[in-house]
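A.B. asks: I'd like to ask you about the structure that follows.
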Amino acid sequence: MKMSETSETIFDEAEDCCQSCSLPFNDEHTDMRSPENPKYCIYCYADGGFTMPNATADDMVAIGVPLLAPRMGEDAARQYLQALIPTLERWQC
Ligand SMILES: [Zn+2]
């Protein structure tokens with residue numbers, strides 16, 4: 001059973017997403033989970049480490065906005081990512 005997706009609920013399964021960039025591991029992105037570290041996606045984690053070890057949460061927002069913008073609009077994407085990404089595990093002290 002699949003819930004209908006709206007721009008507000010499309011990433012509700014936030015607990016099962018990349019803990020660096022917030023990419024959701026849903027049906028659409030199930031292949032993007034890193035086999036080396038299932039907390040992260042293949043874009044964030046590869047070859048035994050982060051692909052961008054010096055990145056900040058702000059950098060991830062900047063990267064994610066153009067990816068999400070086609071779905072939800074640029075302003076909404078930026079607000080969404082600015083609220084979500086700093087809460088992910090990688091960015092906790
Ligand atoms: Zn990621």
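The way I read the labels, and the way they are meant: chains A, B, ... in the order of the structure tokens, residue 1 as the first residue of every chain, and ligand 1 as the first ligand shown, with later ones counted on from there.
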For the interface of chain A with ligand 1 (cut-off 9 Å, counting only C-alpha atoms and all ligand atoms), please tabulate each contacting residue of chain A alongside its nearest pair of atoms and their separation in Å to one decimal, rows sorted by chain and increasing number, as CSV.

C.D. replies:
residue,atom,partner,partner_atom_place_in_ligand_line,distance
A:Cys17,CA,ligand 1,1 (Zn),7.9
A:Cys18,CA,ligand 1,1 (Zn),4.6
A:Gln19,CA,ligand 1,1 (Zn),6.6
A:Ser20,CA,ligand 1,1 (Zn),4.9
A:Cys21,CA,ligand 1,1 (Zn),4.0
A:Ser22,CA,ligand 1,1 (Zn),6.0
A:Leu23,CA,ligand 1,1 (Zn),5.5
A:Pro24,CA,ligand 1,1 (Zn),8.6
A:Met32,CA,ligand 1,1 (Zn),8.5
A:Arg33,CA,ligand 1,1 (Zn),8.3
A:Ser34,CA,ligand 1,1 (Zn),8.7
A:Lys39,CA,ligand 1,1 (Zn),8.5
A:Tyr40,CA,ligand 1,1 (Zn),5.2
A:Cys41,CA,ligand 1,1 (Zn),4.2
A:Ile42,CA,ligand 1,1 (Zn),6.6
A:Tyr43,CA,ligand 1,1 (Zn),5.5
A:Cys44,CA,ligand 1,1 (Zn),4.3
A:Tyr45,CA,ligand 1,1 (Zn),7.1
A:Met60,CA,ligand 1,1 (Zn),8.6

A.B. asks: Keeping C-alpha atoms for every residue in the selection just given, could you write it to a file as a compact mmCIF listing (two decimals), in the first residue's frame?

C.D. replies:
# COMPACT_ATOMS: atom_id res chain seq x y z
CA CYS A 17 16.98 8.87 4.30
CA CYS A 18 20.61 9.69 3.79
CA GLN A 19 21.89 11.11 7.07
CA SER A 20 24.07 13.55 5.19
CA CYS A 21 22.05 15.00 2.32
CA SER A 22 18.50 13.81 3.18
CA LEU A 23 18.05 11.83 -0.02
CA PRO A 24 15.13 9.50 0.78
CA MET A 32 21.12 4.85 -3.85
CA ARG A 33 21.86 3.55 -0.38
CA SER A 34 25.59 3.14 0.11
CA LYS A 39 23.08 5.53 6.73
CA TYR A 40 24.29 7.40 3.70
CA CYS A 41 23.71 7.51 -0.03
CA ILE A 42 26.18 6.59 -2.72
CA TYR A 43 26.72 10.26 -3.50
CA CYS A 44 27.74 11.12 0.05
CA TYR A 45 29.65 8.01 1.02
CA MET A 60 24.25 20.16 1.40

A.B. asks: What's around Arg78 (chain A) at 8 Å? Count only C-alpha atoms, leave out sequence neighbours fewer than 6 positions away in its own chain, and write the answer as JSON, numbers by chain.

C.D. replies: {"A": [61, 62, 65]}

A.B. asks: Could you state the separation of CA of Asp59 (chain A) and CA of Ile85 (chain A) in Å, given to one decimal place?

C.D. replies: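 So the two atoms, CA of Asp59 (chain A) and CA of Ile85 (chain A), lie 10.0 Å apart.
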
A.B. asks: I need the residues of chain A that end up classed as helix (DSSP H, G or I) by DSSP on the backbone, written out as an MDAnalysis selection string.

C.D. replies: chainID A and resid 27:32 57:72 74:87 89:91

A.B. asks: Taking the DSSP assignment computed from this structure's backbone, write out as JSON, numbers by chain all residues of region 2-93 of chain A that belong to strand (DSSP E).

C.D. replies: {"A": [45, 46, 49, 50]}

A.B. asks: If you measure from CA of Phe25 (chain A) to CA of Pro38 (chain A), what distance in Å do you get, rounded to one decimal?

C.D. replies: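 Value for the CA of Phe25 (chain A)-CA of Pro38 (chain A) distance: 9.8 Å.
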
A.B. asks: Return the single residue from A:Leu81, A:Asp16, A:Glu28, A:Pro53 that is closest to Pro66 (chain A), with distances computed using only C-alpha atoms.

C.D. replies: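 Of the candidates, the smallest distance to Pro66 (chain A) is held by A:Leu81.
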
A.B. asks: Give the answer as one residue: which of A:Thr30, A:Gly48, A:Ala57, A:Ile63 has the shortest atom-to-atom distance to Ala83 (chain A), using only C-alpha atoms?

C.D. replies: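 Among the listed residues, A:Ala57 lies closest to Ala83 (chain A).
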
A.B. asks: CA of Leu88 (chain A) and CA of Ala76 (chain A), how far apart in Å?

C.D. replies: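 Going from CA of Ala76 (chain A) over to CA of Leu88 (chain A), I get 18.7 Å.
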
A.B. asks: With only C-alpha atoms as the basis for distance, which of A:Asn26, A:Asn54, A:Ala77, A:Asp31 is at the shortest distance from Trp91 (chain A)?

C.D. replies: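 Residue with the minimum atom-to-atom distance to Trp91 (chain A): A:Asn54.
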
A.B. asks: My list of candidates is A:Gly64, A:Thr56, A:Asn37, A:Thr51. Which is closest to Tyr80 (chain A) when distances are computed with only C-alpha atoms?

C.D. replies: A:Gly64
